[in-house]
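Student: Structure file upload-v8.txt (compact mmCIF, C-alpha atoms) right here:
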# COMPACT_ATOMS: atom_id res chain seq x y z
CA MET V 1 -88.83 -38.26 76.65
CA ASP V 2 -91.99 -40.26 77.12
CA PRO V 3 -94.46 -40.34 74.25
CA SER V 4 -97.05 -37.94 75.60
CA ILE V 5 -98.90 -34.87 74.42
CA CYS V 6 -100.75 -32.73 76.97
CA PHE V 7 -101.65 -29.65 74.93
CA ILE V 8 -102.37 -28.99 71.28
CA THR V 9 -102.14 -25.27 70.65
CA LEU V 10 -103.63 -23.74 67.52
CA GLY V 11 -102.73 -20.20 66.54
CA THR V 12 -105.58 -18.22 64.99
CA ASP V 13 -105.79 -14.82 63.32
CA ASP V 14 -109.38 -14.44 64.53
CA LEU V 15 -109.89 -15.64 68.08
CA ASP V 16 -113.44 -14.29 68.17
CA ALA V 17 -114.44 -16.41 65.20
CA ALA V 18 -112.70 -19.44 66.67
CA ARG V 19 -114.47 -18.91 69.97
CA ARG V 20 -117.86 -18.57 68.25
CA PHE V 21 -117.22 -21.87 66.46
CA TYR V 22 -115.91 -24.03 69.31
CA ILE V 23 -117.59 -22.53 72.37
CA ASP V 24 -120.83 -21.02 71.08
CA GLY V 25 -121.33 -23.19 68.00
CA LEU V 26 -120.19 -26.63 69.10
CA GLY V 27 -120.97 -25.93 72.75
CA TRP V 28 -117.57 -26.99 74.09
CA PRO V 29 -117.06 -25.77 77.67
CA PRO V 30 -114.01 -23.57 78.22
CA LEU V 31 -111.61 -24.96 80.78
CA PHE V 32 -110.06 -21.56 81.29
CA GLU V 33 -109.72 -18.47 79.17
CA VAL V 34 -108.20 -15.03 78.96
CA PRO V 35 -110.65 -13.00 76.88
CA GLY V 36 -109.14 -11.77 73.63
CA GLU V 37 -106.01 -13.88 74.10
CA ILE V 38 -106.55 -17.59 74.64
CA VAL V 39 -109.18 -20.20 75.35
CA PHE V 40 -108.59 -23.73 76.61
CA VAL V 41 -110.91 -26.72 76.16
CA GLN V 42 -110.38 -30.24 77.48
CA VAL V 43 -110.48 -32.63 74.51
CA GLY V 44 -109.54 -35.94 76.07
CA TYR V 45 -108.14 -37.65 79.12
CA GLY V 46 -105.52 -35.19 80.36
CA LEU V 47 -105.56 -33.48 76.98
CA THR V 48 -106.22 -29.79 76.35
CA LEU V 49 -106.81 -27.87 73.14
CA SER V 50 -105.54 -24.29 73.36
CA ILE V 51 -106.67 -21.67 70.88
CA TRP V 52 -104.36 -18.71 71.01
CA THR V 53 -103.87 -15.60 68.91
CA ALA V 54 -101.33 -16.57 66.26
CA ASP V 55 -99.00 -13.63 66.88
CA LYS V 56 -98.70 -14.47 70.58
CA LEU V 57 -98.12 -18.14 69.84
CA ASP V 58 -95.38 -17.33 67.35
CA ALA V 59 -93.78 -14.79 69.68
CA ASP V 60 -93.85 -17.28 72.54
CA ALA V 61 -92.76 -20.41 70.72
CA GLY V 62 -90.11 -18.95 68.46
CA SER V 63 -88.87 -20.61 65.31
CA PRO V 64 -86.05 -23.05 64.92
CA PRO V 65 -83.18 -21.48 62.99
CA GLY V 66 -82.76 -22.36 59.36
CA THR V 67 -86.14 -23.93 58.83
CA SER V 68 -88.58 -22.71 56.23
CA SER V 69 -90.76 -25.77 55.81
CA SER V 70 -94.54 -25.58 55.90
CA ALA V 71 -94.35 -27.58 59.13
CA ALA V 72 -92.11 -24.95 60.73
CA SER V 73 -94.47 -22.15 59.76
CA ALA V 74 -97.58 -24.05 60.84
CA PRO V 75 -99.31 -22.07 63.59
CA ILE V 76 -99.37 -24.94 66.03
CA THR V 77 -97.42 -26.30 68.97
CA LEU V 78 -97.63 -29.67 70.67
CA SER V 79 -96.81 -29.60 74.38
CA HIS V 80 -95.15 -32.25 76.48
CA ASN V 81 -95.56 -31.46 80.16
CA VAL V 82 -93.24 -32.69 82.89
CA GLY V 83 -93.01 -32.31 86.64
CA SER V 84 -90.11 -29.93 87.13
CA ALA V 85 -87.76 -27.45 85.48
CA GLU V 86 -84.98 -30.03 85.70
CA GLU V 87 -87.08 -32.46 83.70
CA VAL V 88 -87.68 -29.77 81.07
CA ASP V 89 -83.91 -29.39 80.69
CA ALA V 90 -83.44 -33.16 80.49
CA VAL V 91 -86.14 -33.60 77.85
CA MET V 92 -84.80 -30.70 75.78
CA ALA V 93 -81.36 -32.34 75.85
CA ALA V 94 -82.83 -35.71 74.88
CA ALA V 95 -84.72 -34.14 71.98
CA VAL V 96 -81.57 -32.47 70.68
CA ALA V 97 -79.61 -35.69 71.07
CA ALA V 98 -82.29 -37.46 69.01
CA GLY V 99 -81.97 -34.93 66.18
CA GLY V 100 -84.28 -32.10 67.24
CA THR V 101 -83.43 -28.41 66.96
CA VAL V 102 -83.77 -25.87 69.73
CA GLY V 103 -86.35 -23.22 68.87
CA LYS V 104 -86.36 -21.55 72.27
CA GLU V 105 -83.86 -22.24 75.01
CA ALA V 106 -85.49 -23.44 78.21
CA GLY V 107 -86.22 -20.70 80.72
CA PRO V 108 -88.99 -19.04 82.70
CA ALA V 109 -92.32 -19.09 80.88
CA GLU V 110 -94.81 -16.28 80.59
CA PHE V 111 -97.44 -18.55 82.16
CA GLY V 112 -95.44 -18.73 85.35
CA GLY V 113 -93.60 -22.02 84.95
CA TYR V 114 -90.59 -23.06 82.90
CA HIS V 115 -90.42 -24.18 79.30
CA GLY V 116 -88.42 -24.64 76.16
CA VAL V 117 -89.29 -25.34 72.54
CA PHE V 118 -87.68 -27.71 70.08
CA ALA V 119 -88.53 -28.59 66.51
CA ASP V 120 -88.61 -32.10 65.11
CA PRO V 121 -86.70 -32.73 61.86
CA SER V 122 -89.72 -31.65 59.79
CA GLY V 123 -89.94 -28.37 61.70
CA PHE V 124 -92.94 -29.13 63.92
CA ARG V 125 -92.68 -27.32 67.25
CA TRP V 126 -92.87 -29.10 70.58
CA GLU V 127 -93.04 -27.18 73.82
CA VAL V 128 -91.55 -28.92 76.84
CA ALA V 129 -93.16 -27.39 79.89
CA HIS V 130 -93.37 -27.43 83.63
CA ASN V 131 -96.56 -25.64 84.64
CA PRO V 132 -97.29 -25.64 88.39
CA GLY V 133 -100.84 -24.50 87.59
CA TRP V 134 -101.60 -27.58 85.48
CA SER V 135 -102.53 -31.01 86.77
CA VAL V 136 -104.52 -34.05 85.71
CA ALA V 137 -106.80 -35.88 88.14
CA ASP V 138 -107.05 -39.67 88.24
CA ASP V 139 -110.12 -39.57 86.03
CA GLY V 140 -108.27 -37.55 83.41
CA THR V 141 -109.84 -34.21 84.31
CA VAL V 142 -107.47 -31.35 83.57
CA ARG V 143 -107.05 -28.56 86.09
CA LEU V 144 -105.53 -25.34 84.86
CA VAL V 145 -105.18 -22.28 87.05
CA PRO V 146 -103.04 -19.18 86.58
CA VAL V 147 -99.78 -19.09 88.50
CA ASP V 148 -97.79 -16.04 89.44
CA SER V 149 -94.95 -15.47 87.04
CA MET R 1 -119.82 -32.95 68.49
CA ASP R 2 -118.14 -33.87 71.76
CA PRO R 3 -114.86 -32.17 72.58
CA SER R 4 -112.47 -35.00 71.77
CA ILE R 5 -109.35 -35.53 69.73
CA CYS R 6 -108.23 -39.07 68.97
CA PHE R 7 -105.49 -38.54 66.39
CA ILE R 8 -103.01 -35.76 65.69
CA THR R 9 -101.60 -36.25 62.20
CA LEU R 10 -98.43 -34.46 61.15
CA GLY R 11 -97.48 -34.36 57.48
CA THR R 12 -93.77 -34.58 56.82
CA ASP R 13 -91.65 -34.18 53.69
CA ASP R 14 -89.11 -36.63 55.11
CA LEU R 15 -90.70 -39.59 56.85
CA ASP R 16 -87.35 -41.35 57.25
CA ALA R 17 -85.94 -38.41 59.21
CA ALA R 18 -89.09 -38.19 61.31
CA ARG R 19 -88.93 -41.91 62.05
CA ARG R 20 -85.27 -41.68 63.02
CA PHE R 21 -86.15 -38.88 65.43
CA TYR R 22 -89.26 -40.27 67.12
CA ILE R 23 -88.73 -44.02 66.92
CA ASP R 24 -84.96 -44.48 66.87
CA GLY R 25 -83.94 -41.29 68.66
CA LEU R 26 -86.59 -40.82 71.33
CA GLY R 27 -87.33 -44.53 71.49
CA TRP R 28 -91.08 -44.20 71.08
CA PRO R 29 -92.67 -47.56 70.20
CA PRO R 30 -94.66 -47.64 66.96
CA LEU R 31 -98.26 -48.67 67.44
CA PHE R 32 -98.56 -49.58 63.78
CA GLU R 33 -96.79 -48.52 60.62
CA VAL R 34 -96.72 -48.84 56.87
CA PRO R 35 -93.05 -48.45 55.93
CA GLY R 36 -92.42 -45.41 53.77
CA GLU R 37 -95.95 -44.11 54.29
CA ILE R 38 -97.06 -43.66 57.87
CA VAL R 39 -96.14 -44.42 61.46
CA PHE R 40 -98.45 -44.27 64.47
CA VAL R 41 -97.38 -43.77 68.11
CA GLN R 42 -99.64 -43.71 71.15
CA VAL R 43 -99.08 -40.39 72.94
CA GLY R 44 -101.73 -40.44 75.64
CA TYR R 45 -104.85 -42.12 76.91
CA GLY R 46 -106.69 -43.02 73.72
CA LEU R 47 -104.53 -40.58 71.79
CA THR R 48 -102.41 -41.35 68.74
CA LEU R 49 -99.81 -39.30 66.91
CA SER R 50 -99.67 -40.14 63.20
CA ILE R 51 -96.72 -39.13 61.08
CA TRP R 52 -97.62 -39.34 57.43
CA THR R 53 -95.98 -38.23 54.23
CA ALA R 54 -97.25 -34.67 53.62
CA ASP R 55 -98.39 -35.29 50.05
CA LYS R 56 -100.57 -38.21 51.10
CA LEU R 57 -102.02 -36.26 54.01
CA ASP R 58 -102.88 -33.34 51.76
CA ALA R 59 -104.33 -35.59 49.08
CA ASP R 60 -106.44 -37.40 51.65
CA ALA R 61 -107.63 -34.47 53.72
CA GLY R 62 -108.27 -31.96 50.96
CA SER R 63 -108.44 -28.22 51.47
CA PRO R 64 -111.44 -26.12 52.34
CA PRO R 65 -112.39 -23.88 49.41
CA GLY R 66 -111.41 -20.24 49.56
CA THR R 67 -108.96 -20.49 52.40
CA SER R 68 -105.36 -19.45 52.11
CA SER R 69 -104.46 -18.91 55.77
CA SER R 70 -101.35 -20.41 57.29
CA ALA R 71 -103.66 -22.60 59.36
CA ALA R 72 -105.30 -24.00 56.23
CA SER R 73 -101.93 -24.83 54.68
CA ALA R 74 -100.52 -26.31 57.89
CA PRO R 75 -99.64 -29.95 57.24
CA ILE R 76 -101.70 -31.28 60.11
CA THR R 77 -105.09 -32.78 60.79
CA LEU R 78 -106.87 -33.35 64.10
CA SER R 79 -109.18 -36.35 64.12
CA HIS R 80 -112.43 -36.83 65.99
CA ASN R 81 -113.47 -40.47 65.92
CA VAL R 82 -117.03 -41.68 66.31
CA GLY R 83 -118.78 -45.05 66.34
CA SER R 84 -120.54 -45.19 63.00
CA ALA R 85 -120.82 -43.65 59.53
CA GLU R 86 -124.14 -42.09 60.59
CA GLU R 87 -122.36 -40.30 63.43
CA VAL R 88 -119.75 -39.00 61.00
CA ASP R 89 -122.54 -37.46 58.92
CA ALA R 90 -124.18 -35.98 62.03
CA VAL R 91 -120.93 -34.44 63.31
CA MET R 92 -120.07 -33.01 59.89
CA ALA R 93 -123.51 -31.37 59.81
CA ALA R 94 -123.05 -30.02 63.33
CA ALA R 95 -119.66 -28.58 62.43
CA VAL R 96 -121.06 -26.82 59.38
CA ALA R 97 -123.99 -25.50 61.41
CA ALA R 98 -121.49 -24.10 63.92
CA GLY R 99 -119.59 -22.25 61.18
CA GLY R 100 -117.16 -24.85 59.86
CA THR R 101 -116.44 -25.41 56.17
CA VAL R 102 -116.51 -28.76 54.41
CA GLY R 103 -113.06 -29.71 53.10
CA LYS R 104 -113.98 -33.22 52.04
CA GLU R 105 -117.49 -34.56 51.88
CA ALA R 106 -118.00 -37.61 54.08
CA GLY R 107 -117.57 -40.91 52.28
CA PRO R 108 -115.61 -44.16 52.32
CA ALA R 109 -112.07 -43.70 53.63
CA GLU R 110 -108.91 -45.18 52.23
CA PHE R 111 -108.24 -46.77 55.62
CA GLY R 112 -111.37 -48.87 55.28
CA GLY R 113 -113.88 -46.85 57.29
CA TYR R 114 -115.81 -43.69 56.59
CA HIS R 115 -114.74 -40.09 57.07
CA GLY R 116 -115.14 -36.46 56.18
CA VAL R 117 -113.03 -33.35 56.77
CA PHE R 118 -114.09 -29.90 57.84
CA ALA R 119 -112.10 -26.76 58.56
CA ASP R 120 -112.68 -24.49 61.52
CA PRO R 121 -112.99 -20.74 60.82
CA SER R 122 -109.20 -20.32 60.96
CA GLY R 123 -108.72 -23.08 58.41
CA PHE R 124 -107.52 -25.87 60.69
CA ARG R 125 -108.58 -29.25 59.39
CA TRP R 126 -110.55 -31.74 61.44
CA GLU R 127 -111.19 -35.25 60.22
CA VAL R 128 -114.39 -36.88 61.48
CA ALA R 129 -113.88 -40.61 61.21
CA HIS R 130 -115.40 -43.98 61.82
CA ASN R 131 -112.60 -46.54 61.78
CA PRO R 132 -113.67 -50.12 62.56
CA GLY R 133 -109.98 -51.01 63.06
CA TRP R 134 -109.50 -48.48 65.85
CA SER R 135 -110.52 -48.92 69.47
CA VAL R 136 -109.48 -47.77 72.92
CA ALA R 137 -109.35 -50.17 75.85
CA ASP R 138 -110.55 -49.20 79.33
CA ASP R 139 -107.00 -48.33 80.36
CA GLY R 140 -106.62 -45.99 77.40
CA THR R 141 -104.57 -48.34 75.27
CA VAL R 142 -105.15 -47.73 71.58
CA ARG R 143 -105.63 -50.66 69.24
CA LEU R 144 -105.20 -50.01 65.56
CA VAL R 145 -105.42 -52.74 62.97
CA PRO R 146 -105.87 -52.51 59.22
CA VAL R 147 -109.37 -53.11 57.90
CA ASP R 148 -110.33 -54.12 54.41
CA SER R 149 -111.38 -51.15 52.37
Go ahead and express the file in the form of structure tokens.

Tutor:
Amino acid sequence: MDPSICFITLGTDDLDAARRFYIDGLGWPPLFEVPGEIVFVQVGYGLTLSIWTADKLDADAGSPPGTSSSAASAPITLSHNVGSAEEVDAVMAAAVAAGGTVGKEAGPAEFGGYHGVFADPSGFRWEVAHNPGWSVADDGTVRLVPVDS
Amino acid sequence: MDPSICFITLGTDDLDAARRFYIDGLGWPPLFEVPGEIVFVQVGYGLTLSIWTADKLDADAGSPPGTSSSAASAPITLSHNVGSAEEVDAVMAAAVAAGGTVGKEAGPAEFGGYHGVFADPSGFRWEVAHNPGWSVADDGTVRLVPVDS
């Protein structure tokens, strides 16, 4: 598993308020959004901040068994994107071998690709994802388009 | 405030276990570390993951008043770095004008620079920092050296 983070996803109980702050207030341009569900903003070279409703994030990411730390209940996921479903499986296996815990077995993702979730020893969730609708241009610009699931 | 994240800081109750996972297990090279306190790993172009003891993170970042959401108690901080103390003040003011809440008034930072912390409407903490010991080369390589405080 290479050291790379492609998405930082924050789960919020009030997406409207979050949107008013980041998009209207700070003036950050949305990269892509599904009204009432999620908004994405590019926040660096190849890096995207996702603001998602907390219940959907929790339902999607799952929780590692047996963890009750504040890290494990933190409404956040870090995502490590790779180029294929096979690479997702390989990274999930490497994370478990290194001491991680499976939170969600790898399989088809709601966004149309393939993903799994593991937790680090503190309980922080990492998504390992292959998203055919996501790419990064040479200048770091993120492209994110919906794919058929 | 430009849409940019330079550091993702995770607070852990067991830094040794986290280090065994990320550094020994996954083989990620430390960018810089203070044994027993904090370890930094570059995880993207100009992007650094910091793993810090949770008590120090909480003591340093503070909590926004009146918030008790799971986001506000999440042991994590996102950092937005700027080029001067004056810019820190300006970004803190912009964040408050946009609907953010001050968690820690801007002032000298323990790391030797100058910083403040605000929370977004959900309670997620953002550090706004000027760190003279931090820079990003043209190829995205992060340089992080201690500065005298």

Student: Residues of chain R within 8 Å of chain V, counting only C-alpha atoms - could you list those as a ChimeraX atom specification?

Tutor: /R:1-6,11-14,17-18,20-22,24-26,28,41-46,70-71,73-75,94-95,97-100,120-122

Student: Export, as an mmCIF file, in the coordinates of the input, the selected residues with C-alpha atoms.

Tutor:
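Generated output (part.cif):
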data_model
loop_
_atom_site.group_PDB
_atom_site.id
_atom_site.type_symbol
_atom_site.label_atom_id
_atom_site.label_comp_id
_atom_site.auth_asym_id
_atom_site.auth_seq_id
_atom_site.Cartn_x
_atom_site.Cartn_y
_atom_site.Cartn_z
ATOM 1 C CA MET R 1 -119.820 -32.950 68.490
ATOM 2 C CA ASP R 2 -118.140 -33.870 71.760
ATOM 3 C CA PRO R 3 -114.860 -32.170 72.580
ATOM 4 C CA SER R 4 -112.470 -35.000 71.770
ATOM 5 C CA ILE R 5 -109.350 -35.530 69.730
ATOM 6 C CA CYS R 6 -108.230 -39.070 68.970
ATOM 7 C CA GLY R 11 -97.480 -34.360 57.480
ATOM 8 C CA THR R 12 -93.770 -34.580 56.820
ATOM 9 C CA ASP R 13 -91.650 -34.180 53.690
ATOM 10 C CA ASP R 14 -89.110 -36.630 55.110
ATOM 11 C CA ALA R 17 -85.940 -38.410 59.210
ATOM 12 C CA ALA R 18 -89.090 -38.190 61.310
ATOM 13 C CA ARG R 20 -85.270 -41.680 63.020
ATOM 14 C CA PHE R 21 -86.150 -38.880 65.430
ATOM 15 C CA TYR R 22 -89.260 -40.270 67.120
ATOM 16 C CA ASP R 24 -84.960 -44.480 66.870
ATOM 17 C CA GLY R 25 -83.940 -41.290 68.660
ATOM 18 C CA LEU R 26 -86.590 -40.820 71.330
ATOM 19 C CA TRP R 28 -91.080 -44.200 71.080
ATOM 20 C CA VAL R 41 -97.380 -43.770 68.110
ATOM 21 C CA GLN R 42 -99.640 -43.710 71.150
ATOM 22 C CA VAL R 43 -99.080 -40.390 72.940
ATOM 23 C CA GLY R 44 -101.730 -40.440 75.640
ATOM 24 C CA TYR R 45 -104.850 -42.120 76.910
ATOM 25 C CA GLY R 46 -106.690 -43.020 73.720
ATOM 26 C CA SER R 70 -101.350 -20.410 57.290
ATOM 27 C CA ALA R 71 -103.660 -22.600 59.360
ATOM 28 C CA SER R 73 -101.930 -24.830 54.680
ATOM 29 C CA ALA R 74 -100.520 -26.310 57.890
ATOM 30 C CA PRO R 75 -99.640 -29.950 57.240
ATOM 31 C CA ALA R 94 -123.050 -30.020 63.330
ATOM 32 C CA ALA R 95 -119.660 -28.580 62.430
ATOM 33 C CA ALA R 97 -123.990 -25.500 61.410
ATOM 34 C CA ALA R 98 -121.490 -24.100 63.920
ATOM 35 C CA GLY R 99 -119.590 -22.250 61.180
ATOM 36 C CA GLY R 100 -117.160 -24.850 59.860
ATOM 37 C CA ASP R 120 -112.680 -24.490 61.520
ATOM 38 C CA PRO R 121 -112.990 -20.740 60.820
ATOM 39 C CA SER R 122 -109.200 -20.320 60.960
#

Student: To one decimal in Å, tell me the separation between CA of Gly113 (chain R) and CA of Val147 (chain R).

Tutor: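 That distance, rounded to one decimal, is 7.7 Å.
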
Student: Could you work out how far CA of Val34 (chain V) lies from CA of Glu87 (chain V), giving the answer in Å with one decimal?

Tutor: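 A separation of 27.8 Å between them.
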
Student: Taking only C-alpha atoms into account, which of R:Val145, R:Ala109, R:Val102, R:Met92 comes nearest Val128 (chain R)?

Tutor: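 Between R:Val145, R:Ala109, R:Val102, R:Met92, the residue approaching Val128 (chain R) most closely is R:Met92.
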
Student: Find the spatial neighbours of Ser84 (chain V), counting all atoms listed in the file, within a cut-off of 10 Å - ignore same-chain residues fewer than 2 positions away - and output them as a count of residues only.

Tutor: 14

Student: To one decimal place in Å, what is the distance between CA of Ile51 (chain V) and CA of Glu37 (chain V)?

Tutor: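 Those two atoms sit 8.5 Å apart.
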
Student: Could region 68-84 of chain R be completed with N, CA, C and O atoms and written as a PDB file, in the coordinates of the input, please?

Tutor:
ATOM      1  N   SER R  68    -106.785 -19.495  52.431  1.00  0.00           N
ATOM      2  CA  SER R  68    -105.360 -19.450  52.110  1.00  0.00           C
ATOM      3  C   SER R  68    -104.573 -19.061  53.347  1.00  0.00           C
ATOM      4  O   SER R  68    -103.453 -18.576  53.258  1.00  0.00           O
ATOM      5  N   SER R  69    -105.142 -19.259  54.530  1.00  0.00           N
ATOM      6  CA  SER R  69    -104.460 -18.910  55.770  1.00  0.00           C
ATOM      7  C   SER R  69    -103.335 -19.898  56.045  1.00  0.00           C
ATOM      8  O   SER R  69    -103.274 -20.987  55.467  1.00  0.00           O
ATOM      9  N   SER R  70    -102.427 -19.493  56.919  1.00  0.00           N
ATOM     10  CA  SER R  70    -101.350 -20.410  57.290  1.00  0.00           C
ATOM     11  C   SER R  70    -101.917 -21.619  58.015  1.00  0.00           C
ATOM     12  O   SER R  70    -101.357 -22.717  57.945  1.00  0.00           O
ATOM     13  N   ALA R  71    -103.041 -21.448  58.704  1.00  0.00           N
ATOM     14  CA  ALA R  71    -103.660 -22.600  59.360  1.00  0.00           C
ATOM     15  C   ALA R  71    -104.139 -23.606  58.326  1.00  0.00           C
ATOM     16  O   ALA R  71    -103.961 -24.817  58.482  1.00  0.00           O
ATOM     17  N   ALA R  72    -104.749 -23.109  57.252  1.00  0.00           N
ATOM     18  CA  ALA R  72    -105.300 -24.000  56.230  1.00  0.00           C
ATOM     19  C   ALA R  72    -104.211 -24.754  55.482  1.00  0.00           C
ATOM     20  O   ALA R  72    -104.440 -25.861  54.989  1.00  0.00           O
ATOM     21  N   SER R  73    -103.010 -24.143  55.397  1.00  0.00           N
ATOM     22  CA  SER R  73    -101.930 -24.830  54.680  1.00  0.00           C
ATOM     23  C   SER R  73    -101.014 -25.590  55.632  1.00  0.00           C
ATOM     24  O   SER R  73    -100.039 -26.199  55.209  1.00  0.00           O
ATOM     25  N   ALA R  74    -101.328 -25.564  56.921  1.00  0.00           N
ATOM     26  CA  ALA R  74    -100.520 -26.310  57.890  1.00  0.00           C
ATOM     27  C   ALA R  74    -100.670 -27.803  57.636  1.00  0.00           C
ATOM     28  O   ALA R  74    -101.792 -28.288  57.508  1.00  0.00           O
ATOM     29  N   PRO R  75     -99.565 -28.527  57.551  1.00  0.00           N
ATOM     30  CA  PRO R  75     -99.640 -29.950  57.240  1.00  0.00           C
ATOM     31  C   PRO R  75    -100.012 -30.782  58.470  1.00  0.00           C
ATOM     32  O   PRO R  75     -99.211 -31.561  58.999  1.00  0.00           O
ATOM     33  N   ILE R  76    -101.245 -30.608  58.898  1.00  0.00           N
ATOM     34  CA  ILE R  76    -101.700 -31.280  60.110  1.00  0.00           C
ATOM     35  C   ILE R  76    -103.207 -31.475  60.049  1.00  0.00           C
ATOM     36  O   ILE R  76    -103.916 -30.676  59.433  1.00  0.00           O
ATOM     37  N   THR R  77    -103.649 -32.543  60.642  1.00  0.00           N
ATOM     38  CA  THR R  77    -105.090 -32.780  60.790  1.00  0.00           C
ATOM     39  C   THR R  77    -105.348 -33.304  62.195  1.00  0.00           C
ATOM     40  O   THR R  77    -104.593 -34.129  62.714  1.00  0.00           O
ATOM     41  N   LEU R  78    -106.406 -32.809  62.826  1.00  0.00           N
ATOM     42  CA  LEU R  78    -106.870 -33.350  64.100  1.00  0.00           C
ATOM     43  C   LEU R  78    -108.055 -34.254  63.791  1.00  0.00           C
ATOM     44  O   LEU R  78    -108.907 -33.897  62.981  1.00  0.00           O
ATOM     45  N   SER R  79    -108.100 -35.415  64.426  1.00  0.00           N
ATOM     46  CA  SER R  79    -109.180 -36.350  64.120  1.00  0.00           C
ATOM     47  C   SER R  79    -110.088 -36.581  65.322  1.00  0.00           C
ATOM     48  O   SER R  79    -109.627 -36.770  66.445  1.00  0.00           O
ATOM     49  N   HIS R  80    -111.372 -36.581  65.017  1.00  0.00           N
ATOM     50  CA  HIS R  80    -112.430 -36.830  65.990  1.00  0.00           C
ATOM     51  C   HIS R  80    -113.098 -38.128  65.550  1.00  0.00           C
ATOM     52  O   HIS R  80    -113.716 -38.174  64.489  1.00  0.00           O
ATOM     53  N   ASN R  81    -112.935 -39.180  66.330  1.00  0.00           N
ATOM     54  CA  ASN R  81    -113.470 -40.470  65.920  1.00  0.00           C
ATOM     55  C   ASN R  81    -114.807 -40.755  66.585  1.00  0.00           C
ATOM     56  O   ASN R  81    -115.001 -40.451  67.761  1.00  0.00           O
ATOM     57  N   VAL R  82    -115.696 -41.341  65.817  1.00  0.00           N
ATOM     58  CA  VAL R  82    -117.030 -41.680  66.310  1.00  0.00           C
ATOM     59  C   VAL R  82    -117.336 -43.132  65.948  1.00  0.00           C
ATOM     60  O   VAL R  82    -116.541 -43.802  65.262  1.00  0.00           O
ATOM     61  N   GLY R  83    -118.503 -43.615  66.399  1.00  0.00           N
ATOM     62  CA  GLY R  83    -118.780 -45.050  66.340  1.00  0.00           C
ATOM     63  C   GLY R  83    -119.443 -45.577  65.081  1.00  0.00           C
ATOM     64  O   GLY R  83    -119.604 -46.796  64.948  1.00  0.00           O
ATOM     65  N   SER R  84    -119.833 -44.701  64.185  1.00  0.00           N
ATOM     66  CA  SER R  84    -120.540 -45.190  63.000  1.00  0.00           C
ATOM     67  C   SER R  84    -120.463 -44.153  61.880  1.00  0.00           C
ATOM     68  O   SER R  84    -120.162 -42.971  62.124  1.00  0.00           O
TER      69      SER R  84
END
